[in-house]
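Data file: run13.cif. Format and content: mmCIF, C-alpha atoms and all ligand atoms.
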```
data_upload
#
loop_
_atom_site.label_atom_id
_atom_site.label_comp_id
_atom_site.auth_asym_id
_atom_site.auth_seq_id
_atom_site.Cartn_x
_atom_site.Cartn_y
_atom_site.Cartn_z
CA MET P 1 -184.45 126.61 37.38
CA PRO P 2 -185.87 124.75 40.41
CA GLN P 3 -188.44 126.68 42.51
CA ARG P 4 -186.04 127.27 45.40
CA HIS P 5 -183.50 128.88 43.08
CA LEU P 6 -186.18 131.10 41.59
CA ARG P 7 -187.10 132.26 45.11
CA ASP P 8 -183.42 132.90 45.89
CA ALA P 9 -183.06 134.89 42.69
CA ALA P 10 -186.12 137.00 43.57
CA ALA P 11 -184.74 137.66 47.06
CA ASP P 12 -181.39 138.65 45.56
CA ALA P 13 -183.08 140.98 43.10
CA ALA P 14 -184.89 142.67 46.00
CA ARG P 15 -181.53 143.09 47.75
CA LEU P 16 -180.10 144.81 44.67
CA THR P 17 -182.86 147.42 44.73
CA ALA P 18 -182.43 148.04 48.45
CA PRO P 19 -181.23 151.61 48.97
CA SER P 20 -178.32 150.68 51.22
CA GLY P 21 -174.85 149.78 49.93
CA LEU P 22 -175.47 148.53 46.39
CA GLY P 23 -171.76 147.81 45.93
CA LEU P 24 -171.44 145.42 48.88
CA ASP P 25 -174.82 143.86 48.25
CA SER P 26 -174.09 143.31 44.59
CA SER P 27 -170.98 141.24 45.35
CA HIS P 28 -173.07 139.13 47.72
CA VAL P 29 -175.80 138.74 45.10
CA ARG P 30 -173.15 137.78 42.55
CA ARG P 31 -171.76 135.07 44.81
CA ARG P 32 -175.27 133.67 45.16
CA MET P 33 -175.59 133.66 41.36
CA VAL P 34 -172.31 131.76 41.13
CA GLN P 35 -173.53 129.18 43.68
CA ARG P 36 -176.61 128.63 41.55
CA LEU P 37 -174.49 128.26 38.40
CA GLN P 38 -172.36 125.72 40.22
CA GLN P 39 -175.49 123.74 41.09
CA ALA P 40 -176.57 124.06 37.44
CA GLY P 41 -173.35 122.36 36.27
CA VAL P 42 -170.60 125.01 35.82
CA HIS P 43 -167.72 123.54 37.83
CA ASP P 44 -164.48 125.24 36.71
CA GLU P 45 -163.36 127.25 39.77
CA ARG P 46 -161.47 129.83 37.70
CA VAL P 47 -164.53 130.52 35.56
CA LEU P 48 -166.79 130.76 38.62
CA GLN P 49 -164.34 133.20 40.22
CA ALA P 50 -164.32 135.39 37.07
CA LEU P 51 -168.15 135.37 37.01
CA ALA P 52 -168.15 136.35 40.68
CA GLU P 53 -165.95 139.36 39.94
CA VAL P 54 -167.73 141.02 37.01
CA PRO P 55 -170.59 143.40 37.94
CA ARG P 56 -173.16 142.23 35.36
CA HIS P 57 -175.69 144.84 36.50
CA GLU P 58 -173.38 147.58 35.22
CA PHE P 59 -173.67 146.22 31.67
CA VAL P 60 -177.46 146.46 31.39
CA ASP P 61 -179.99 149.30 31.55
CA SER P 62 -180.62 150.45 35.11
CA ALA P 63 -184.27 149.34 34.74
CA LEU P 64 -183.03 145.76 34.19
CA ALA P 65 -180.36 145.79 36.92
CA ILE P 66 -182.61 143.92 39.34
CA GLN P 67 -182.63 140.96 36.94
CA ALA P 68 -178.89 141.06 36.25
CA TYR P 69 -178.06 138.13 38.56
CA GLU P 70 -180.81 135.83 37.42
CA ASP P 71 -179.71 133.20 34.96
CA THR P 72 -181.37 134.84 32.01
CA SER P 73 -180.47 136.68 28.83
CA LEU P 74 -181.51 140.36 28.83
CA PRO P 75 -182.05 142.94 26.07
CA ILE P 76 -179.16 145.35 25.45
CA GLY P 77 -180.82 147.34 22.64
CA HIS P 78 -180.65 147.06 18.83
CA GLY P 79 -182.44 143.70 18.96
CA GLN P 80 -179.49 142.04 20.75
CA THR P 81 -179.15 140.34 24.14
CA ILE P 82 -176.52 139.81 26.82
CA SER P 83 -176.07 136.01 27.11
CA LYS P 84 -177.23 133.96 30.11
CA PRO P 85 -174.47 133.70 32.77
CA SER P 86 -174.72 129.89 32.73
CA VAL P 87 -174.09 129.82 28.97
CA VAL P 88 -171.18 132.29 29.27
CA GLY P 89 -169.75 130.07 32.05
CA ARG P 90 -170.32 126.86 30.09
CA MET P 91 -168.67 128.17 26.90
CA ILE P 92 -165.66 129.63 28.70
CA ALA P 93 -165.23 126.42 30.71
CA ILE P 94 -165.18 124.48 27.41
CA LEU P 95 -162.46 126.84 26.13
CA MET P 96 -160.41 126.31 29.31
CA GLY P 97 -160.29 122.61 28.40
CA GLY P 98 -158.51 123.22 25.06
CA ALA P 99 -154.92 122.00 24.60
CA ALA P 100 -153.38 125.49 24.31
CA ALA P 101 -155.31 126.74 27.36
CA ASN P 102 -154.19 123.67 29.32
CA ARG P 103 -150.58 124.31 28.41
CA LEU P 104 -150.77 128.06 29.13
CA GLY P 105 -152.89 127.76 32.26
CA ASN P 106 -155.24 130.41 30.84
CA LEU P 107 -157.13 131.22 27.63
CA GLY P 108 -154.08 132.86 26.03
CA LYS P 109 -154.98 135.22 23.20
CA VAL P 110 -158.77 135.23 22.71
CA LEU P 111 -160.95 136.32 19.81
CA GLU P 112 -164.56 137.10 20.74
CA ILE P 113 -167.11 137.61 17.98
CA GLY P 114 -170.09 139.70 19.13
CA THR P 115 -168.96 142.16 21.83
CA GLY P 116 -172.53 143.26 22.58
CA CYS P 117 -172.44 145.24 25.83
CA GLY P 118 -168.97 143.89 26.71
CA TYR P 119 -169.98 141.65 29.62
CA GLN P 120 -168.48 138.42 28.33
CA ALA P 121 -165.32 140.30 27.25
CA ALA P 122 -164.92 141.45 30.87
CA VAL P 123 -165.23 137.83 32.08
CA LEU P 124 -162.72 136.70 29.43
CA ASP P 125 -160.33 139.48 30.49
CA ARG P 126 -159.87 137.75 33.85
CA LEU P 127 -158.87 134.49 32.23
CA ALA P 128 -156.86 135.56 29.18
CA ARG P 129 -153.55 137.12 28.22
CA GLN P 130 -155.28 139.34 25.68
CA VAL P 131 -158.82 139.70 24.30
CA VAL P 132 -159.77 140.98 20.85
CA SER P 133 -163.53 141.47 20.63
CA ILE P 134 -165.39 142.39 17.43
CA GLU P 135 -168.86 143.95 17.10
CA ARG P 136 -170.69 144.84 13.86
CA LEU P 137 -173.17 147.34 15.37
CA ARG P 138 -171.52 150.71 16.01
CA PRO P 139 -173.80 151.77 18.92
CA LEU P 140 -173.08 148.53 20.80
CA HIS P 141 -169.35 148.79 20.07
CA ASP P 142 -169.46 152.29 21.61
CA LYS P 143 -171.55 151.12 24.57
CA ALA P 144 -169.11 148.27 25.32
CA HIS P 145 -166.25 150.73 25.11
CA ALA P 146 -167.86 152.94 27.77
CA ASN P 147 -168.78 149.96 29.99
CA LEU P 148 -165.28 148.47 29.88
CA GLN P 149 -163.52 151.80 30.32
CA ALA P 150 -165.48 152.30 33.54
CA LEU P 151 -164.02 149.01 34.82
CA LYS P 152 -160.49 150.03 33.76
CA LEU P 153 -159.83 146.82 31.84
CA THR P 154 -156.68 147.09 29.75
CA LYS P 155 -156.25 143.67 28.11
CA ILE P 156 -159.27 144.06 25.83
CA ARG P 157 -159.07 145.47 22.33
CA LEU P 158 -162.49 146.34 20.90
CA VAL P 159 -162.83 146.25 17.14
CA TYR P 160 -165.74 147.60 15.07
CA GLY P 161 -166.11 145.27 12.10
CA ASP P 162 -167.50 142.04 10.66
CA GLY P 163 -166.44 139.27 13.02
CA ARG P 164 -166.96 136.65 10.30
CA LEU P 165 -163.59 137.82 9.01
CA GLY P 166 -161.89 137.36 12.38
CA HIS P 167 -158.95 139.70 13.00
CA SER P 168 -155.99 138.61 10.91
CA GLY P 169 -153.72 141.34 12.32
CA SER P 170 -153.93 139.78 15.81
CA ALA P 171 -154.02 136.09 14.76
CA PRO P 172 -153.34 133.34 15.65
CA PHE P 173 -155.69 132.93 18.61
CA ASP P 174 -155.47 130.28 21.32
CA SER P 175 -159.21 130.56 21.97
CA ILE P 176 -162.10 131.76 19.79
CA ILE P 177 -165.63 132.30 21.13
CA ALA P 178 -168.68 133.45 19.18
CA ALA P 179 -171.77 135.00 20.80
CA ALA P 180 -173.87 134.79 17.64
CA GLY P 181 -174.75 131.74 15.55
CA GLY P 182 -174.69 131.27 11.78
CA ASP P 183 -175.28 128.43 9.31
CA ASP P 184 -171.60 127.68 8.96
CA LEU P 185 -168.24 128.32 10.61
CA PRO P 186 -166.53 131.19 8.80
CA PRO P 187 -163.26 129.89 7.24
CA ALA P 188 -161.33 132.85 8.74
CA TRP P 189 -161.99 131.54 12.27
CA LEU P 190 -160.39 128.19 11.52
CA ALA P 191 -157.51 129.85 9.65
CA GLN P 192 -156.85 132.10 12.67
CA LEU P 193 -157.01 129.33 15.29
CA ALA P 194 -153.51 128.58 16.67
CA PRO P 195 -152.19 125.02 16.78
CA GLY P 196 -153.63 123.54 20.00
CA GLY P 197 -156.30 126.23 19.96
CA ARG P 198 -160.01 125.67 20.59
CA LEU P 199 -163.05 127.42 19.15
CA VAL P 200 -166.57 127.37 20.60
CA ALA P 201 -169.55 128.77 18.73
CA PRO P 202 -173.31 128.36 18.39
CA MET P 203 -174.27 127.09 14.96
CA VAL P 204 -177.51 126.25 13.20
CA ALA P 205 -177.99 122.50 13.67
CA PRO P 206 -177.89 120.21 10.65
CA GLY P 207 -181.39 120.21 9.16
CA GLY P 208 -181.86 123.87 10.15
CA LYS P 209 -183.73 123.16 13.40
CA GLY P 210 -182.38 125.36 16.22
CA GLN P 211 -178.75 125.85 17.22
CA VAL P 212 -176.15 123.68 18.92
CA LEU P 213 -172.79 124.48 20.48
CA VAL P 214 -169.96 123.49 18.17
CA VAL P 215 -166.39 122.99 19.40
CA VAL P 216 -163.41 122.78 17.06
CA ASP P 217 -159.89 121.83 18.17
CA HIS P 218 -156.86 122.57 15.99
CA VAL P 219 -154.91 119.39 16.63
CA VAL P 220 -151.32 119.00 15.44
CA GLU P 221 -149.73 115.54 15.36
CA GLY P 222 -146.40 114.73 13.74
CA GLY P 223 -146.27 118.23 12.26
CA VAL P 224 -149.65 117.75 10.54
CA GLY P 225 -152.58 119.91 11.58
CA ARG P 226 -156.25 118.97 11.43
CA TYR P 227 -159.53 120.30 12.82
CA VAL P 228 -161.53 118.06 15.12
CA ARG P 229 -165.14 119.07 15.48
CA SER P 230 -167.67 118.05 18.15
CA GLU P 231 -171.24 119.09 18.81
CA PHE P 232 -172.77 119.74 22.21
CA GLU P 233 -176.13 120.81 23.62
CA ALA P 234 -178.83 122.96 22.05
CA VAL P 235 -178.48 126.72 22.62
CA HIS P 236 -180.29 129.88 21.58
CA PHE P 237 -178.20 132.80 20.35
CA VAL P 238 -178.91 135.83 18.15
CA PRO P 239 -177.96 135.33 14.47
CA LEU P 240 -174.45 135.88 13.16
CA LYS P 241 -174.81 138.47 10.40
CA SER P 242 -172.52 139.75 7.67
CA GLY P 243 -171.22 143.28 7.21
CA VAL P 244 -171.38 146.23 9.62
CA LEU P 245 -174.08 148.72 10.59
N1 LIG P 301 -171.03 138.71 24.39
C1 LIG P 301 -172.12 139.67 24.35
C2 LIG P 301 -173.35 139.05 23.74
C3 LIG P 301 -173.86 139.91 22.64
S1 LIG P 301 -175.12 139.22 21.63
C4 LIG P 301 -172.37 140.27 25.73
O1 LIG P 301 -171.76 139.82 26.71
O2 LIG P 301 -173.15 141.20 25.80
C5 LIG P 301 -174.23 138.91 20.14
C6 LIG P 301 -173.66 140.09 19.43
O3 LIG P 301 -173.08 139.59 18.21
C7 LIG P 301 -174.63 141.18 19.02
O4 LIG P 301 -174.24 142.39 19.60
C8 LIG P 301 -174.53 141.23 17.49
O5 LIG P 301 -174.60 142.53 16.95
C9 LIG P 301 -173.14 140.63 17.28
N2 LIG P 301 -172.87 140.10 15.94
C10 LIG P 301 -173.67 139.38 15.11
N3 LIG P 301 -173.03 139.09 13.97
C11 LIG P 301 -171.78 139.64 14.06
C12 LIG P 301 -170.65 139.70 13.21
N4 LIG P 301 -170.63 139.14 11.98
N5 LIG P 301 -169.55 140.36 13.64
C13 LIG P 301 -169.50 140.94 14.86
N6 LIG P 301 -170.54 140.93 15.72
C14 LIG P 301 -171.67 140.28 15.33
#
```
As structure tokens, please, write out the structure in this file.
Ligand code: SAH
Amino acid sequence: MPQRHLRDAAADAARLTAPSGLGLDSSHVRRRMVQRLQQAGVHDERVLQALAEVPRHEFVDSALAIQAYEDTSLPIGHGQTISKPSVVGRMIAILMGGAAANRLGNLGKVLEIGTGCGYQAAVLDRLARQVVSIERLRPLHDKAHANLQALKLTKIRLVYGDGRLGHSGSAPFDSIIAAAGGDDLPPAWLAQLAPGGRLVAPMVAPGGKGQVLVVVDHVVEGGVGRYVRSEFEAVHFVPLKSGVL
């Protein structure tokens, strides 16, 4: 982040800790965060609006709330992190560009793998018809449930389970987004991606060095479906693991 943005972020953090009117101040601080994300390359207005609406500080420990509107990942317990707002914005903007999302004018039915604290699910809620979000760690699943209930979001279904299996009962999905990266794309995700649907996920780069964002489109032409895969920039996500805990 350029120096000026760092200074802005520090000033905003100070505002969040100010004793007066946290609610009002936090929406101001959030708008400033969105302006910085815009300057950092997130341009989709609908995504920026959704990021401006979700109170990220309510998804992290109160001790970390002052950092909630900096563009940084933060610990949420159990060795996991809430993703950077710019990465959440970037991935959702990529999903908005999928064929099904273009046709529907929104993300349609979304599968999220890795609920974590529920922040990204709350952003998705504003842009989707329905969100199914899976988490393999019970304490985080419960925490997300409490966080989202407080915001009275009704389009999100939280599932405790292994997200590598997707959620066949709710498939097919117009959009699939993973918040944890593995060595491969689980076959269930592709099988559950609707025609015209788009998937975005971090994945270990070929050669095993770091992760990249992978995008897969389920293209159908002349009644024949195929998966078109592209790779984007380097990213850093927690590992996608198997089974539940
Ligand atoms: N979107 C989250 C980010 C959470 S970090 C947020 O906004 O807070 C990624 C999460 O993926 C972690 O909570 C981790 O436990 C979870 N995860 C890793 N492998 C998984 C799997 N196979 N199924 C479901 N969740 C998984």
Enclose ligand LIG 301 (chain P), meaning all of its atoms listed in the file, in a box aligned along x, y and z, pad it by 8 Å on each side, and list the centre and edge lengths in Å to one decimal, as AutoDock Vina command-line options.
```
--center_x -172.3 --center_y 140.6 --center_z 19.3 --size_x 21.6 --size_y 19.8 --size_z 30.7
```
* Asked: Between P:Leu165, P:Val220, P:Val228, P:Ala171, which one has atoms that come closest to Leu240 in chain P, using all atoms listed in the file?
  ->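 Result for the nearest residue to Leu240 in chain P: P:Leu165.
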* To do: Calculate how many Å separate CA of Gln38 in chain P from CA of Met96 in chain P, rounding to one decimal.
  => 16.2 Å
* Residues within 9 Å of (-178.9, 126.9, 23.8), file coords, only C-alpha atoms, listed as a PyMOL selection string -> chain P and resi 87+202+210-213+233-237
* To do: Choose the residue, out of P:Gln39, P:Gln49, P:Gln120, P:Gln149, that has the smallest atom-to-atom separation from Ser27 in chain P; count all atoms listed in the file.
  =>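 Under the stated criterion, the closest residue is P:Gln49.
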* In Å to one decimal, how far is CA of Lys152 in chain P from CA of Gln35 in chain P? -> 26.5 Å
* Structure fact -> re CA of Ser175 in chain P and CA of Ala101 in chain P: distance 7.7 Å
* Using all atoms listed in the file, find the one residue out of P:Leu185, P:Ala52, P:Val131, P:Leu111 that sits nearest to Leu37 in chain P. =>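 For Leu37 in chain P, the nearest of the given residues is P:Ala52.
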* To do: May I have the residues at most 9 Å from (-173.0, 142.4, 38.2) in the file's coordinates, counting only C-alpha atoms, as a list in words?
  => Ser26, Ser27, Val29, Arg30, Leu51, Ala52, Glu53, Val54, Pro55, Arg56, His57, Glu58, Phe59, Ala65, Ala68 and Tyr69 of chain P
With the input short on atoms, add N, CA, C and O atoms back to range 93-118 of chain P and write it as a PDB file, keeping the file's coordinate frame.
```pdb
ATOM      1  N   ALA P  93    -165.785 127.635  30.107  1.00  0.00           N
ATOM      2  CA  ALA P  93    -165.230 126.420  30.710  1.00  0.00           C
ATOM      3  C   ALA P  93    -164.799 125.436  29.612  1.00  0.00           C
ATOM      4  O   ALA P  93    -163.755 124.783  29.732  1.00  0.00           O
ATOM      5  N   ILE P  94    -165.563 125.344  28.542  1.00  0.00           N
ATOM      6  CA  ILE P  94    -165.180 124.480  27.410  1.00  0.00           C
ATOM      7  C   ILE P  94    -163.840 124.968  26.840  1.00  0.00           C
ATOM      8  O   ILE P  94    -162.923 124.182  26.575  1.00  0.00           O
ATOM      9  N   LEU P  95    -163.720 126.290  26.680  1.00  0.00           N
ATOM     10  CA  LEU P  95    -162.460 126.840  26.130  1.00  0.00           C
ATOM     11  C   LEU P  95    -161.271 126.521  27.037  1.00  0.00           C
ATOM     12  O   LEU P  95    -160.167 126.242  26.563  1.00  0.00           O
ATOM     13  N   MET P  96    -161.499 126.575  28.357  1.00  0.00           N
ATOM     14  CA  MET P  96    -160.410 126.310  29.310  1.00  0.00           C
ATOM     15  C   MET P  96    -159.882 124.877  29.172  1.00  0.00           C
ATOM     16  O   MET P  96    -158.773 124.571  29.590  1.00  0.00           O
ATOM     17  N   GLY P  97    -160.702 123.994  28.589  1.00  0.00           N
ATOM     18  CA  GLY P  97    -160.290 122.610  28.400  1.00  0.00           C
ATOM     19  C   GLY P  97    -159.507 122.367  27.124  1.00  0.00           C
ATOM     20  O   GLY P  97    -159.083 121.238  26.858  1.00  0.00           O
ATOM     21  N   GLY P  98    -159.277 123.387  26.307  1.00  0.00           N
ATOM     22  CA  GLY P  98    -158.510 123.220  25.060  1.00  0.00           C
ATOM     23  C   GLY P  98    -157.033 122.960  25.358  1.00  0.00           C
ATOM     24  O   GLY P  98    -156.545 123.277  26.446  1.00  0.00           O
ATOM     25  N   ALA P  99    -156.323 122.376  24.379  1.00  0.00           N
ATOM     26  CA  ALA P  99    -154.920 122.000  24.600  1.00  0.00           C
ATOM     27  C   ALA P  99    -154.044 123.221  24.889  1.00  0.00           C
ATOM     28  O   ALA P  99    -153.227 123.208  25.818  1.00  0.00           O
ATOM     29  N   ALA P 100    -154.218 124.300  24.107  1.00  0.00           N
ATOM     30  CA  ALA P 100    -153.380 125.490  24.310  1.00  0.00           C
ATOM     31  C   ALA P 100    -153.661 126.093  25.690  1.00  0.00           C
ATOM     32  O   ALA P 100    -152.739 126.459  26.428  1.00  0.00           O
ATOM     33  N   ALA P 101    -154.944 126.169  26.062  1.00  0.00           N
ATOM     34  CA  ALA P 101    -155.310 126.740  27.360  1.00  0.00           C
ATOM     35  C   ALA P 101    -154.745 125.879  28.496  1.00  0.00           C
ATOM     36  O   ALA P 101    -154.270 126.400  29.512  1.00  0.00           O
ATOM     37  N   ASN P 102    -154.766 124.567  28.312  1.00  0.00           N
ATOM     38  CA  ASN P 102    -154.190 123.670  29.320  1.00  0.00           C
ATOM     39  C   ASN P 102    -152.709 123.920  29.494  1.00  0.00           C
ATOM     40  O   ASN P 102    -152.191 123.965  30.612  1.00  0.00           O
ATOM     41  N   ARG P 103    -152.031 124.088  28.368  1.00  0.00           N
ATOM     42  CA  ARG P 103    -150.580 124.310  28.410  1.00  0.00           C
ATOM     43  C   ARG P 103    -150.270 125.668  29.043  1.00  0.00           C
ATOM     44  O   ARG P 103    -149.375 125.784  29.877  1.00  0.00           O
ATOM     45  N   LEU P 104    -151.047 126.696  28.651  1.00  0.00           N
ATOM     46  CA  LEU P 104    -150.770 128.060  29.130  1.00  0.00           C
ATOM     47  C   LEU P 104    -151.278 128.302  30.552  1.00  0.00           C
ATOM     48  O   LEU P 104    -150.810 129.212  31.223  1.00  0.00           O
ATOM     49  N   GLY P 105    -152.270 127.524  30.957  1.00  0.00           N
ATOM     50  CA  GLY P 105    -152.890 127.760  32.260  1.00  0.00           C
ATOM     51  C   GLY P 105    -153.916 128.883  32.219  1.00  0.00           C
ATOM     52  O   GLY P 105    -154.471 129.289  33.241  1.00  0.00           O
ATOM     53  N   ASN P 106    -154.168 129.422  31.026  1.00  0.00           N
ATOM     54  CA  ASN P 106    -155.240 130.410  30.840  1.00  0.00           C
ATOM     55  C   ASN P 106    -155.684 130.374  29.376  1.00  0.00           C
ATOM     56  O   ASN P 106    -155.199 129.537  28.620  1.00  0.00           O
ATOM     57  N   LEU P 107    -156.585 131.278  28.997  1.00  0.00           N
ATOM     58  CA  LEU P 107    -157.130 131.220  27.630  1.00  0.00           C
ATOM     59  C   LEU P 107    -156.177 131.754  26.568  1.00  0.00           C
ATOM     60  O   LEU P 107    -156.475 131.680  25.378  1.00  0.00           O
ATOM     61  N   GLY P 108    -155.039 132.319  26.997  1.00  0.00           N
ATOM     62  CA  GLY P 108    -154.080 132.860  26.030  1.00  0.00           C
ATOM     63  C   GLY P 108    -154.651 134.062  25.307  1.00  0.00           C
ATOM     64  O   GLY P 108    -155.303 134.913  25.909  1.00  0.00           O
ATOM     65  N   LYS P 109    -154.434 134.112  23.996  1.00  0.00           N
ATOM     66  CA  LYS P 109    -154.980 135.220  23.200  1.00  0.00           C
ATOM     67  C   LYS P 109    -156.350 134.802  22.677  1.00  0.00           C
ATOM     68  O   LYS P 109    -156.488 133.777  22.030  1.00  0.00           O
ATOM     69  N   VAL P 110    -157.374 135.608  23.012  1.00  0.00           N
ATOM     70  CA  VAL P 110    -158.770 135.230  22.710  1.00  0.00           C
ATOM     71  C   VAL P 110    -159.372 136.147  21.656  1.00  0.00           C
ATOM     72  O   VAL P 110    -159.192 137.367  21.707  1.00  0.00           O
ATOM     73  N   LEU P 111    -160.112 135.555  20.745  1.00  0.00           N
ATOM     74  CA  LEU P 111    -160.950 136.320  19.810  1.00  0.00           C
ATOM     75  C   LEU P 111    -162.401 136.099  20.206  1.00  0.00           C
ATOM     76  O   LEU P 111    -162.852 134.953  20.311  1.00  0.00           O
ATOM     77  N   GLU P 112    -163.118 137.188  20.465  1.00  0.00           N
ATOM     78  CA  GLU P 112    -164.560 137.100  20.740  1.00  0.00           C
ATOM     79  C   GLU P 112    -165.301 137.738  19.577  1.00  0.00           C
ATOM     80  O   GLU P 112    -164.987 138.861  19.180  1.00  0.00           O
ATOM     81  N   ILE P 113    -166.292 137.038  19.048  1.00  0.00           N
ATOM     82  CA  ILE P 113    -167.110 137.610  17.980  1.00  0.00           C
ATOM     83  C   ILE P 113    -168.469 137.954  18.577  1.00  0.00           C
ATOM     84  O   ILE P 113    -169.156 137.062  19.101  1.00  0.00           O
ATOM     85  N   GLY P 114    -168.842 139.243  18.534  1.00  0.00           N
ATOM     86  CA  GLY P 114    -170.090 139.700  19.130  1.00  0.00           C
ATOM     87  C   GLY P 114    -169.853 140.290  20.512  1.00  0.00           C
ATOM     88  O   GLY P 114    -170.188 139.686  21.526  1.00  0.00           O
ATOM     89  N   THR P 115    -169.273 141.499  20.550  1.00  0.00           N
ATOM     90  CA  THR P 115    -168.960 142.160  21.830  1.00  0.00           C
ATOM     91  C   THR P 115    -170.218 142.469  22.621  1.00  0.00           C
ATOM     92  O   THR P 115    -170.229 142.369  23.851  1.00  0.00           O
ATOM     93  N   GLY P 116    -171.299 142.848  21.903  1.00  0.00           N
ATOM     94  CA  GLY P 116    -172.530 143.260  22.580  1.00  0.00           C
ATOM     95  C   GLY P 116    -172.238 144.373  23.559  1.00  0.00           C
ATOM     96  O   GLY P 116    -171.613 145.374  23.217  1.00  0.00           O
ATOM     97  N   CYS P 117    -172.656 144.197  24.813  1.00  0.00           N
ATOM     98  CA  CYS P 117    -172.440 145.240  25.830  1.00  0.00           C
ATOM     99  C   CYS P 117    -171.067 145.093  26.491  1.00  0.00           C
ATOM    100  O   CYS P 117    -170.698 145.904  27.331  1.00  0.00           O
ATOM    101  N   GLY P 118    -170.323 144.042  26.159  1.00  0.00           N
ATOM    102  CA  GLY P 118    -168.970 143.890  26.710  1.00  0.00           C
ATOM    103  C   GLY P 118    -168.874 143.000  27.934  1.00  0.00           C
ATOM    104  O   GLY P 118    -167.783 142.791  28.468  1.00  0.00           O
TER     105      GLY P 118
END
```
